[in-house]
>>> print(open('upload-v2.csv').read())   # CSV, C-alpha atoms
chain,number,residue,atom,x,y,z
W,1296,MET,CA,-10.9,-25.1,-21.6
W,1297,ASN,CA,-11.5,-28.2,-19.4
W,1298,ILE,CA,-7.8,-29.1,-19.6
W,1299,ILE,CA,-6.8,-25.6,-18.5
W,1300,LEU,CA,-9.2,-25.6,-15.6
W,1301,LEU,CA,-8.0,-29.1,-14.6
W,1302,THR,CA,-4.4,-27.9,-14.8
W,1303,LEU,CA,-5.2,-24.9,-12.6
W,1304,LEU,CA,-7.0,-27.0,-10.1
W,1305,ILE,CA,-4.1,-29.4,-9.8
W,1306,LEU,CA,-1.6,-26.5,-9.5
W,1307,PHE,CA,-3.5,-24.7,-6.8
W,1308,GLY,CA,-4.2,-28.1,-5.0
W,1309,ALA,CA,-0.4,-28.7,-5.0
W,1310,ILE,CA,0.2,-25.3,-3.6
W,1311,PHE,CA,-2.4,-25.7,-0.9
W,1312,ALA,CA,-0.9,-29.1,0.1
W,1313,THR,CA,2.6,-27.6,0.2
W,1314,VAL,CA,1.5,-24.7,2.4
W,1315,GLN,CA,-0.2,-27.0,4.8
W,1316,LEU,CA,2.8,-29.4,5.0
W,1317,LEU,CA,5.2,-26.5,5.7
W,1318,LEU,CA,2.9,-25.1,8.4
W,1319,ILE,CA,2.6,-28.5,10.1
W,1320,LEU,CA,6.3,-29.2,9.9
W,1321,GLY,CA,7.1,-25.6,11.1
W,1322,LYS,CA,4.8,-25.8,14.1
W,1323,ALA,CA,5.9,-29.3,15.0
W,1324,THR,CA,9.6,-28.4,14.9
W,1325,ASN,CA,9.1,-24.8,16.1
W,1326,ASN,CA,10.8,-23.7,12.9
W,1327,HIS,CA,9.7,-20.1,12.2
W,1328,ALA,CA,11.3,-20.2,8.8
W,1329,LEU,CA,9.1,-23.0,7.5
W,1330,VAL,CA,6.0,-21.1,8.7
W,1331,PHE,CA,7.4,-18.0,7.1
W,1332,TYR,CA,7.7,-19.7,3.7
W,1333,ALA,CA,4.3,-21.4,4.0
W,1334,ARG,CA,2.5,-18.1,4.6
W,1335,SER,CA,4.6,-16.3,2.0
W,1336,LEU,CA,3.6,-18.9,-0.6
W,1337,ALA,CA,-0.1,-18.6,0.5
W,1338,SER,CA,0.2,-14.8,0.2
W,1339,PHE,CA,1.7,-15.0,-3.3
W,1340,THR,CA,-1.1,-17.4,-4.4
W,1341,ALA,CA,-3.7,-15.1,-3.1
W,1342,LEU,CA,-2.1,-12.2,-4.9
W,1343,ILE,CA,-2.1,-14.1,-8.2
W,1344,LEU,CA,-5.8,-15.1,-7.8
W,1345,CYS,CA,-6.8,-11.6,-7.0
W,1346,ALA,CA,-4.9,-10.1,-9.9
W,1347,ALA,CA,-6.7,-12.4,-12.3
W,1348,TYR,CA,-10.0,-11.5,-10.6
W,1349,GLY,CA,-9.1,-7.8,-10.7
W,1350,THR,CA,-8.5,-7.7,-14.4
W,1351,LEU,CA,-11.9,-9.3,-15.2
W,1352,ALA,CA,-13.7,-7.2,-12.6
W,1353,SER,CA,-12.1,-4.0,-13.8
W,1354,ALA,CA,-13.0,-4.8,-17.4
W,1355,CYS,CA,-16.7,-5.4,-16.5
W,1356,LEU,CA,-16.8,-2.3,-14.3
W,1357,ASN,CA,-15.2,-0.2,-16.9
W,1358,VAL,CA,-17.8,-1.2,-19.5
W,1359,ALA,CA,-20.6,-0.4,-17.0
W,1360,GLY,CA,-19.0,3.1,-16.3
W,1361,TYR,CA,-17.7,2.3,-12.9
W,1362,GLY,CA,-14.0,1.7,-13.7
W,1363,GLY,CA,-13.0,3.7,-10.7
W,1364,LEU,CA,-14.2,0.9,-8.5
W,1365,GLY,CA,-11.7,-1.6,-10.0
W,1366,GLN,CA,-8.9,-1.3,-7.5
W,1367,TRP,CA,-11.3,-1.0,-4.5
W,1368,THR,CA,-13.0,-4.3,-5.3
W,1369,THR,CA,-9.7,-6.1,-6.1
W,1370,ALA,CA,-8.2,-4.8,-2.8
W,1371,ARG,CA,-11.3,-6.0,-0.9
W,1372,ALA,CA,-11.0,-9.4,-2.5
W,1373,PHE,CA,-7.4,-9.6,-1.4
W,1374,LYS,CA,-8.4,-8.6,2.1
W,1375,TYR,CA,-10.8,-11.5,2.6
W,1376,MET,CA,-8.6,-14.0,0.8
W,1377,MET,CA,-5.5,-13.1,2.9
W,1378,LEU,CA,-7.6,-13.3,6.1
W,1379,LEU,CA,-8.6,-16.9,5.1
W,1380,PHE,CA,-5.1,-17.9,3.8
W,1381,VAL,CA,-2.8,-16.2,6.3
W,1382,GLY,CA,-4.8,-14.9,9.2
W,1383,VAL,CA,-3.5,-11.3,9.2
W,1384,GLU,CA,-5.9,-8.4,9.4
W,1385,PHE,CA,-5.7,-4.6,10.0
W,1386,GLU,CA,-7.9,-2.6,12.4
W,1387,ILE,CA,-8.3,1.0,11.2
W,1388,GLU,CA,-9.3,3.9,13.3
W,1389,ASP,CA,-10.7,6.8,11.4
W,1390,PRO,CA,-11.6,9.5,14.0
W,1391,HIS,CA,-12.1,12.2,11.5
W,1392,LYS,CA,-14.5,10.1,9.3
W,1393,VAL,CA,-12.4,10.7,6.2
W,1394,LEU,CA,-12.7,7.3,4.5
W,1395,GLY,CA,-15.6,7.2,2.1
W,1396,ASN,CA,-16.7,10.7,3.0
W,1397,VAL,CA,-14.0,13.0,1.5
W,1398,ARG,CA,-12.8,12.9,-2.1
W,1399,PRO,CA,-10.7,13.5,-4.0
W,1400,VAL,CA,-7.7,13.4,-1.7
W,1401,VAL,CA,-4.1,12.3,-1.8
W,1402,PHE,CA,-3.6,9.6,0.8
W,1403,VAL,CA,0.0,9.1,2.0
W,1404,GLY,CA,1.1,6.2,4.1
W,1405,ASN,CA,4.2,4.6,5.6
W,1406,HIS,CA,5.7,1.7,3.8
W,1407,GLN,CA,7.2,-1.2,5.8
W,1408,THR,CA,7.0,-4.5,3.9
W,1409,GLU,CA,5.1,-6.3,1.1
W,1410,LEU,CA,2.3,-6.8,3.6
W,1411,ASP,CA,1.3,-3.1,3.0
W,1412,VAL,CA,-0.5,-4.3,-0.2
W,1413,LEU,CA,-2.9,-6.1,2.1
W,1414,PHE,CA,-3.4,-3.0,4.1
W,1415,LEU,CA,-4.7,-1.3,1.0
W,1416,GLY,CA,-7.5,-3.9,1.0
W,1417,TYR,CA,-8.6,-2.5,4.3
W,1418,VAL,CA,-8.1,1.2,3.9
W,1419,PHE,CA,-9.1,1.8,0.2
W,1420,PRO,CA,-12.4,3.6,0.0
W,1421,ARG,CA,-14.4,3.5,-3.2
W,1422,TYR,CA,-12.9,5.4,-6.2
W,1423,THR,CA,-9.3,5.2,-5.0
W,1424,SER,CA,-6.3,4.1,-7.0
W,1425,VAL,CA,-2.5,3.9,-6.8
W,1426,THR,CA,-0.2,5.8,-9.1
W,1427,ALA,CA,2.2,4.2,-11.6
W,1428,LYS,CA,4.7,5.1,-14.4
W,1429,LYS,CA,3.0,5.4,-17.8
W,1430,SER,CA,5.3,2.7,-19.2
W,1431,LEU,CA,3.5,0.1,-17.0
W,1432,LYS,CA,0.5,0.4,-19.3
W,1433,LEU,CA,2.4,-1.8,-21.7
W,1434,VAL,CA,2.9,-4.7,-19.3
W,1435,PRO,CA,0.4,-7.5,-20.0
W,1436,PHE,CA,-2.3,-8.1,-17.4
W,1437,LEU,CA,-0.8,-5.7,-14.8
W,1438,GLY,CA,-1.0,-2.7,-17.2
W,1439,TRP,CA,-4.4,-3.7,-18.5
W,1440,PHE,CA,-5.7,-4.0,-14.9
W,1441,MET,CA,-4.2,-0.6,-14.0
W,1442,ALA,CA,-5.6,1.2,-17.1
W,1443,LEU,CA,-9.1,-0.3,-16.6
W,1444,SER,CA,-9.2,0.6,-12.9
W,1445,LYS,CA,-8.4,4.3,-13.4
W,1446,THR,CA,-4.8,4.2,-12.2
W,1447,VAL,CA,-3.3,7.7,-12.2
W,1448,PHE,CA,-0.3,7.4,-14.7
W,1449,ILE,CA,2.6,9.8,-14.4
W,1450,GLU,CA,5.4,10.2,-16.9
W,1451,ARG,CA,8.0,12.9,-16.9
W,1452,LYS,CA,11.3,13.3,-18.8
W,1453,SER,CA,11.7,17.1,-18.6
W,1454,ARG,CA,10.4,20.0,-16.5
W,1455,GLU,CA,7.7,20.7,-19.1
W,1456,GLN,CA,6.6,17.1,-19.1
W,1457,ALA,CA,6.6,17.0,-15.3
W,1458,VAL,CA,4.3,20.0,-15.0
W,1459,ALA,CA,2.0,18.6,-17.8
W,1460,ALA,CA,1.9,15.2,-16.2
W,1461,PHE,CA,0.9,16.5,-12.8
W,1462,ALA,CA,-1.7,18.8,-14.3
W,1463,LYS,CA,-3.2,15.9,-16.2
W,1464,ALA,CA,-3.2,13.7,-13.1
W,1465,ALA,CA,-4.8,16.5,-11.1
W,1466,GLU,CA,-7.5,16.9,-13.8
W,1467,GLN,CA,-8.1,13.1,-13.8
W,1468,MET,CA,-8.6,13.2,-10.0
W,1469,HIS,CA,-11.2,15.9,-10.3
W,1470,SER,CA,-13.0,14.7,-13.4
W,1471,HIS,CA,-13.4,11.2,-11.9
W,1472,LYS,CA,-13.4,12.3,-8.2
W,1473,GLN,CA,-10.6,9.8,-7.8
W,1474,ASN,CA,-8.5,9.5,-4.7
W,1475,VAL,CA,-4.8,8.6,-5.0
W,1476,TYR,CA,-2.8,6.5,-2.5
W,1477,ILE,CA,0.9,7.0,-2.4
W,1478,PHE,CA,3.8,5.7,-0.3
W,1479,PRO,CA,6.0,8.9,-0.1
W,1480,GLU,CA,9.0,6.9,1.3
W,1481,GLY,CA,9.3,5.4,-2.2
W,1482,THR,CA,10.3,1.9,-1.1
W,1483,ARG,CA,9.8,-0.5,1.8
W,1484,SER,CA,11.8,0.4,4.9
W,1485,TYR,CA,11.7,-3.0,6.7
W,1486,TYR,CA,12.2,-1.1,9.9
W,1487,GLU,CA,11.9,-2.9,13.3
W,1488,GLN,CA,11.7,0.5,15.0
W,1489,PRO,CA,9.0,3.2,14.6
W,1490,ASP,CA,10.7,5.3,12.0
W,1491,LEU,CA,10.3,6.6,8.4
W,1492,LEU,CA,12.6,6.8,5.5
W,1493,PRO,CA,13.0,10.3,3.9
W,1494,PHE,CA,9.9,11.4,2.0
W,1495,LYS,CA,9.9,12.0,-1.8
W,1496,LYS,CA,8.1,15.1,-3.0
W,1497,GLY,CA,5.8,13.7,-5.7
W,1498,ALA,CA,2.7,13.2,-3.5
W,1499,PHE,CA,2.9,16.7,-2.2
W,1500,HIS,CA,3.4,18.2,-5.7
W,1501,LEU,CA,0.3,16.3,-6.9
W,1502,ALA,CA,-1.8,17.4,-3.9
W,1503,VAL,CA,-0.8,21.1,-4.5
W,1504,GLN,CA,-1.4,20.8,-8.2
W,1505,ALA,CA,-4.9,19.3,-7.7
W,1506,GLN,CA,-5.6,21.6,-4.7
W,1507,VAL,CA,-6.9,18.6,-2.7
W,1508,PRO,CA,-6.2,17.6,0.9
W,1509,ILE,CA,-3.4,15.4,2.0
W,1510,VAL,CA,-4.6,12.6,4.2
W,1511,PRO,CA,-1.8,10.9,6.3
W,1512,VAL,CA,-2.4,7.2,7.1
W,1513,VAL,CA,-0.2,5.5,9.7
W,1514,VAL,CA,0.2,1.7,10.3
W,1515,ALA,CA,1.9,0.6,13.5
W,1516,ASN,CA,5.2,-1.2,13.2
W,1517,TYR,CA,4.4,-4.9,12.8
W,1518,SER,CA,7.8,-6.4,12.9
W,1519,ASN,CA,6.7,-9.3,15.1
W,1520,ILE,CA,4.0,-10.2,12.6
W,1521,LEU,CA,6.1,-10.0,9.5
W,1522,SER,CA,9.9,-9.7,9.4
W,1523,VAL,CA,11.6,-10.7,6.1
W,1524,LYS,CA,15.0,-10.4,7.7
W,1525,ARG,CA,14.1,-12.7,10.7
W,1526,LYS,CA,11.9,-15.0,8.6
W,1527,ILE,CA,8.9,-14.3,10.9
W,1528,PHE,CA,5.3,-14.5,9.5
W,1529,ARG,CA,2.6,-14.8,12.2
W,1530,GLN,CA,-1.1,-14.3,12.4
W,1531,GLY,CA,-2.3,-11.2,14.1
W,1532,THR,CA,-4.2,-7.9,14.0
W,1533,ILE,CA,-2.3,-4.7,13.2
W,1534,ALA,CA,-3.5,-1.2,14.2
W,1535,ALA,CA,-3.6,1.7,11.8
W,1536,ARG,CA,-5.0,5.3,12.0
W,1537,VAL,CA,-6.2,7.8,9.5
W,1538,LEU,CA,-5.0,11.3,10.6
W,1539,GLU,CA,-6.7,14.7,10.1
W,1540,PRO,CA,-6.5,16.0,6.5
W,1541,ILE,CA,-4.0,18.7,5.7
W,1542,GLU,CA,-5.4,21.3,3.4
W,1543,THR,CA,-3.6,22.5,0.3
W,1544,LYS,CA,-6.0,25.1,-1.0
W,1545,GLY,CA,-4.1,28.3,-1.9
W,1546,LYS,CA,-0.8,26.5,-1.6
W,1547,THR,CA,1.8,26.6,-4.4
W,1548,LYS,CA,4.9,24.6,-5.3
W,1549,GLU,CA,6.9,26.9,-2.9
W,1550,ASP,CA,4.9,25.3,0.0
W,1551,VAL,CA,5.7,21.7,-1.0
W,1552,ASP,CA,8.7,21.4,1.3
W,1553,ALA,CA,6.8,22.7,4.3
W,1554,LEU,CA,3.8,20.4,3.6
W,1555,LEU,CA,6.2,17.4,3.3
W,1556,GLU,CA,7.9,18.2,6.6
W,1557,GLU,CA,4.6,18.8,8.5
W,1558,THR,CA,3.1,15.6,7.1
W,1559,ARG,CA,6.1,13.5,8.0
W,1560,ARG,CA,6.3,15.0,11.5
W,1561,ARG,CA,2.7,14.1,12.2
W,1562,MET,CA,3.0,10.6,10.8
W,1563,LEU,CA,6.2,9.9,12.8
W,1564,GLU,CA,4.6,11.1,16.0
W,1565,GLU,CA,1.6,8.9,15.4
W,1566,LEU,CA,3.8,5.9,14.4
W,1567,LYS,CA,5.6,6.0,17.7
W,1568,THR,CA,2.3,6.1,19.6
W,1569,LEU,CA,0.8,3.2,17.7
W,1570,THR,CA,3.9,1.1,17.9
W,1571,ALA,CA,4.1,1.5,21.7
W,1572,HIS,CA,0.7,-0.2,21.9
W,1573,ALA,CA,1.7,-2.7,19.2
W,1574,ARG,CA,4.7,-3.8,21.3
W,1575,GLU,CA,2.4,-4.3,24.3
W,1576,GLU,CA,0.2,-6.6,22.2
W,1577,GLY,CA,3.1,-8.5,20.6
W,1578,VAL,CA,2.6,-7.1,17.1
W,1579,ALA,CA,5.9,-5.2,17.1
W,1580,LEU,CA,9.2,-6.4,18.4
W,1581,LYS,CA,10.1,-5.1,21.8
W,1582,GLU,CA,12.6,-2.2,21.7
W,1583,HIS,CA,15.4,-4.4,23.1
W,1584,GLU,CA,14.6,-7.1,20.5
W,1585,ALA,CA,14.5,-4.8,17.5
W,1586,GLY,CA,17.5,-3.9,15.4
W,1587,ASN,CA,18.7,-0.3,15.1
W,1588,ALA,CA,16.7,2.2,13.1
W,1589,ALA,CA,19.2,2.5,10.3
W,1590,PRO,CA,17.6,2.1,6.8
W,1591,ASN,CA,17.9,-1.4,5.3
W,1592,GLY,CA,18.2,0.2,1.8
W,1593,THR,CA,18.2,3.4,0.0
W,1594,ALA,CA,14.9,5.0,-0.8
W,1595,LYS,CA,14.0,5.1,-4.4
W,1596,ALA,CA,11.4,7.0,-6.3
W,1597,SER,CA,7.8,5.7,-6.5
W,1598,GLY,CA,5.5,5.9,-9.5
W,1599,VAL,CA,4.4,9.5,-8.7
W,1600,ASP,CA,7.7,11.1,-8.1
W,1601,ALA,CA,10.3,9.3,-10.2
W,1602,ARG,CA,12.5,11.9,-11.9
W,1603,TYR,CA,10.3,14.8,-10.7
W,1604,ASN,CA,13.0,16.4,-8.7
W,1605,ALA,CA,15.5,16.1,-11.4
W,1606,ALA,CA,13.0,17.5,-14.0
W,1607,ALA,CA,11.9,20.3,-11.7
>>> encode(input="upload-v2.csv", output="structure tokens")
Amino acid sequence: MNIILLTLLILFGAIFATVQLLLILGKATNNHALVFYARSLASFTALILCAAYGTLASACLNVAGYGGLGQWTTARAFKYMMLLFVGVEFEIEDPHKVLGNVRPVVFVGNHQTELDVLFLGYVFPRYTSVTAKKSLKLVPFLGWFMALSKTVFIERKSREQAVAAFAKAAEQMHSHKQNVYIFPEGTRSYYEQPDLLPFKKGAFHLAVQAQVPIVPVVVANYSNILSVKRKIFRQGTIAARVLEPIETKGKTKEDVDALLEETRRRMLEELKTLTAHAREEGVALKEHEAGNAAPNGTAKASGVDARYNAAA
């Protein structure tokens, strides 16, 4: 045990020293790439530490009957660790007082980069989880953490299984009063302009099946804080806003398309407003600096909606 602890201390000490060296060299030579790699390495280290913590914390909370708090406490740990390691934080406006007061709901948010994982550390209220494919349960550590922290697992291979999977997920949301957070774009956009990829339908099918509100959450474009393409990774504060819930009571699967379009319209409108301010504050690249709004990749299904459309 002592050898393992000593090895870990040496490893993390080496990582810390590497990060500091890269930061010093990057700032001294005005090399943004070195700073980018330094903060990326620090972020990955924070993620590994929090994943280990999350597995242990979720196991203890599950035994105590509070498994639904596993992802919340892990997200909060990542929030504070990243603030210390990287110096990036999110400032959330919640004018309708949704966070912590309304549950269960389906949260839907825009998905820009890997930094959105940090955003979950700020926005997650208690008893909130992500969704994942059922097969992830078998992955060591990650699957254990997800299972212990009340992740809503979805698996569909046919229309019948799709309907049954969403019914079971809806039942789990109600029985545990568990919120679910989903990125309906299905993948990271890496946009430098305030825009959204096309939305997948899974989040909206789930909300209708569970008859719970959809709560849109919008994060301003932060391409001048983190840009993988440009190798930019700076400190800063990013604005986000929780929008008014959209009710689904009485809605059916025939209403899913309209719900999707209404949600996306509201989110895109808010994204443009937030990004205008973000550009003034240096958080987002100026319009003339940013690349075009064409997608950097093709959207792919997320945990909730993979294969749903084909099955349905």
>>> closest_residue(input="upload-v2.csv", among="W:Glu1584, W:Leu1317, W:Lys1567, W:Lys1322", to="Arg1525 of chain W", atoms="only C-alpha atoms")
W:Glu1584
>>> closest_residue(input="upload-v2.csv", among="W:Ala1359, W:Ala1337, W:Val1537, W:Val1381", to="Phe1311 of chain W", atoms="all atoms listed in the file")
W:Ala1337
>>> closest_atom_pairs(input="upload-v2.csv", of="segment 1330-1405 of chain W", to="segment 1490-1507 of chain W", cutoff="8 Å", atoms="only C-alpha atoms", output="tab-separated table")
residue	atom	partner	partner_atom	distance
W:Pro1399	CA	W:Val1507	CA	6.5
W:Val1400	CA	W:Val1507	CA	5.4
W:Val1401	CA	W:Ala1502	CA	6.0
W:Val1403	CA	W:Ala1498	CA	7.4
W:Asn1405	CA	W:Leu1491	CA	7.0
>>> write_last_selection(input="upload-v2.csv", atoms="C-alpha atoms", output="PDB file, keeping the file's coordinate frame")
ATOM      1  CA  PRO W1399     -10.700  13.500  -4.000  1.00  0.00           C
ATOM      2  CA  VAL W1400      -7.700  13.400  -1.700  1.00  0.00           C
ATOM      3  CA  VAL W1401      -4.100  12.300  -1.800  1.00  0.00           C
ATOM      4  CA  VAL W1403       0.000   9.100   2.000  1.00  0.00           C
ATOM      5  CA  ASN W1405       4.200   4.600   5.600  1.00  0.00           C
TER       6      ASN W1405
END
>>> atom_distance(input="upload-v2.csv", atom1="atom CA of Gly1395 of chain W", atom2="atom CA of Leu1364 of chain W")
12.4 Å
>>> atom_distance(input="upload-v2.csv", atom1="atom CA of Leu1563 of chain W", atom2="atom CA of Ala1460 of chain W")
29.8 Å
>>> atom_distance(input="upload-v2.csv", atom1="atom CA of Ala1571 of chain W", atom2="atom CA of Asn1516 of chain W")
9.0 Å
>>> residues_around(input="upload-v2.csv", residues="Cys1355 of chain W", least_positions_apart="3", cutoff="12 Å", atoms="only C-alpha atoms", output="ChimeraX atom specification")
/W:1348-1352,1358-1365,1368,1440,1443-1444
>>> decode(input="upload-v2.csv", residues="segment 1567-1577 of chain W", atoms="all heavy atoms", output="PDB file, in the first residue's frame")
ATOM      1  N   LYS W1567     -27.240  33.327 -28.959  1.00  0.00           N
ATOM      2  CA  LYS W1567     -26.773  34.514 -29.676  1.00  0.00           C
ATOM      3  C   LYS W1567     -26.678  35.719 -28.742  1.00  0.00           C
ATOM      4  O   LYS W1567     -25.726  36.508 -28.818  1.00  0.00           O
ATOM      5  CB  LYS W1567     -27.709  34.806 -30.851  1.00  0.00           C
ATOM      6  CG  LYS W1567     -27.621  33.771 -31.971  1.00  0.00           C
ATOM      7  CD  LYS W1567     -28.599  34.066 -33.097  1.00  0.00           C
ATOM      8  CE  LYS W1567     -28.468  33.027 -34.210  1.00  0.00           C
ATOM      9  NZ  LYS W1567     -29.442  33.265 -35.304  1.00  0.00           N
ATOM     10  N   THR W1568     -27.647  35.847 -27.837  1.00  0.00           N
ATOM     11  CA  THR W1568     -27.632  36.958 -26.878  1.00  0.00           C
ATOM     12  C   THR W1568     -26.453  36.839 -25.922  1.00  0.00           C
ATOM     13  O   THR W1568     -25.716  37.805 -25.694  1.00  0.00           O
ATOM     14  CB  THR W1568     -28.944  36.982 -26.074  1.00  0.00           C
ATOM     15  OG1 THR W1568     -30.054  37.152 -26.968  1.00  0.00           O
ATOM     16  CG2 THR W1568     -28.941  38.120 -25.062  1.00  0.00           C
ATOM     17  N   LEU W1569     -26.265  35.646 -25.354  1.00  0.00           N
ATOM     18  CA  LEU W1569     -25.166  35.432 -24.415  1.00  0.00           C
ATOM     19  C   LEU W1569     -23.809  35.618 -25.082  1.00  0.00           C
ATOM     20  O   LEU W1569     -22.877  36.174 -24.494  1.00  0.00           O
ATOM     21  CB  LEU W1569     -25.256  34.022 -23.826  1.00  0.00           C
ATOM     22  CG  LEU W1569     -26.339  33.762 -22.774  1.00  0.00           C
ATOM     23  CD1 LEU W1569     -26.360  32.280 -22.416  1.00  0.00           C
ATOM     24  CD2 LEU W1569     -26.106  34.607 -21.532  1.00  0.00           C
ATOM     25  N   THR W1570     -23.699  35.163 -26.323  1.00  0.00           N
ATOM     26  CA  THR W1570     -22.420  35.240 -27.023  1.00  0.00           C
ATOM     27  C   THR W1570     -22.058  36.673 -27.383  1.00  0.00           C
ATOM     28  O   THR W1570     -20.875  37.044 -27.405  1.00  0.00           O
ATOM     29  CB  THR W1570     -22.436  34.353 -28.279  1.00  0.00           C
ATOM     30  OG1 THR W1570     -22.687  32.997 -27.882  1.00  0.00           O
ATOM     31  CG2 THR W1570     -21.114  34.408 -29.030  1.00  0.00           C
ATOM     32  N   ALA W1571     -23.062  37.510 -27.646  1.00  0.00           N
ATOM     33  CA  ALA W1571     -22.797  38.926 -27.921  1.00  0.00           C
ATOM     34  C   ALA W1571     -22.085  39.563 -26.725  1.00  0.00           C
ATOM     35  O   ALA W1571     -21.107  40.313 -26.881  1.00  0.00           O
ATOM     36  CB  ALA W1571     -24.102  39.661 -28.231  1.00  0.00           C
ATOM     37  N   HIS W1572     -22.548  39.239 -25.515  1.00  0.00           N
ATOM     38  CA  HIS W1572     -21.893  39.749 -24.301  1.00  0.00           C
ATOM     39  C   HIS W1572     -20.538  39.089 -24.094  1.00  0.00           C
ATOM     40  O   HIS W1572     -19.583  39.724 -23.649  1.00  0.00           O
ATOM     41  CB  HIS W1572     -22.795  39.511 -23.087  1.00  0.00           C
ATOM     42  CG  HIS W1572     -24.057  40.316 -23.098  1.00  0.00           C
ATOM     43  ND1 HIS W1572     -24.058  41.691 -22.996  1.00  0.00           N
ATOM     44  CD2 HIS W1572     -25.359  39.952 -23.206  1.00  0.00           C
ATOM     45  CE1 HIS W1572     -25.315  42.146 -23.037  1.00  0.00           C
ATOM     46  NE2 HIS W1572     -26.114  41.102 -23.174  1.00  0.00           N
ATOM     47  N   ALA W1573     -20.463  37.795 -24.410  1.00  0.00           N
ATOM     48  CA  ALA W1573     -19.203  37.060 -24.242  1.00  0.00           C
ATOM     49  C   ALA W1573     -18.109  37.633 -25.138  1.00  0.00           C
ATOM     50  O   ALA W1573     -16.934  37.652 -24.772  1.00  0.00           O
ATOM     51  CB  ALA W1573     -19.420  35.578 -24.547  1.00  0.00           C
ATOM     52  N   ARG W1574     -18.475  38.109 -26.318  1.00  0.00           N
ATOM     53  CA  ARG W1574     -17.502  38.719 -27.212  1.00  0.00           C
ATOM     54  C   ARG W1574     -16.991  40.043 -26.639  1.00  0.00           C
ATOM     55  O   ARG W1574     -15.806  40.363 -26.734  1.00  0.00           O
ATOM     56  CB  ARG W1574     -18.127  38.934 -28.591  1.00  0.00           C
ATOM     57  CG  ARG W1574     -18.184  37.656 -29.418  1.00  0.00           C
ATOM     58  CD  ARG W1574     -18.944  37.824 -30.706  1.00  0.00           C
ATOM     59  NE  ARG W1574     -18.730  36.661 -31.570  1.00  0.00           N
ATOM     60  CZ  ARG W1574     -19.522  36.331 -32.583  1.00  0.00           C
ATOM     61  NH1 ARG W1574     -20.588  37.081 -32.867  1.00  0.00           N
ATOM     62  NH2 ARG W1574     -19.259  35.269 -33.318  1.00  0.00           N
ATOM     63  N   GLU W1575     -17.886  40.794 -26.010  1.00  0.00           N
ATOM     64  CA  GLU W1575     -17.486  42.063 -25.400  1.00  0.00           C
ATOM     65  C   GLU W1575     -16.503  41.827 -24.252  1.00  0.00           C
ATOM     66  O   GLU W1575     -15.606  42.650 -24.006  1.00  0.00           O
ATOM     67  CB  GLU W1575     -18.712  42.804 -24.882  1.00  0.00           C
ATOM     68  CG  GLU W1575     -19.655  43.297 -25.971  1.00  0.00           C
ATOM     69  CD  GLU W1575     -20.934  43.892 -25.409  1.00  0.00           C
ATOM     70  OE1 GLU W1575     -21.054  43.960 -24.162  1.00  0.00           O
ATOM     71  OE2 GLU W1575     -21.800  44.305 -26.207  1.00  0.00           O
ATOM     72  N   GLU W1576     -16.667  40.704 -23.567  1.00  0.00           N
ATOM     73  CA  GLU W1576     -15.831  40.402 -22.407  1.00  0.00           C
ATOM     74  C   GLU W1576     -14.599  39.572 -22.763  1.00  0.00           C
ATOM     75  O   GLU W1576     -13.821  39.190 -21.889  1.00  0.00           O
ATOM     76  CB  GLU W1576     -16.669  39.653 -21.363  1.00  0.00           C
ATOM     77  CG  GLU W1576     -17.812  40.499 -20.807  1.00  0.00           C
ATOM     78  CD  GLU W1576     -18.767  39.691 -19.942  1.00  0.00           C
ATOM     79  OE1 GLU W1576     -18.532  38.476 -19.781  1.00  0.00           O
ATOM     80  OE2 GLU W1576     -19.737  40.274 -19.437  1.00  0.00           O
ATOM     81  N   GLY W1577     -14.422  39.260 -24.040  1.00  0.00           N
ATOM     82  CA  GLY W1577     -13.246  38.508 -24.462  1.00  0.00           C
ATOM     83  C   GLY W1577     -13.345  37.016 -24.244  1.00  0.00           C
ATOM     84  O   GLY W1577     -12.350  36.294 -24.370  1.00  0.00           O
TER      85      GLY W1577
END
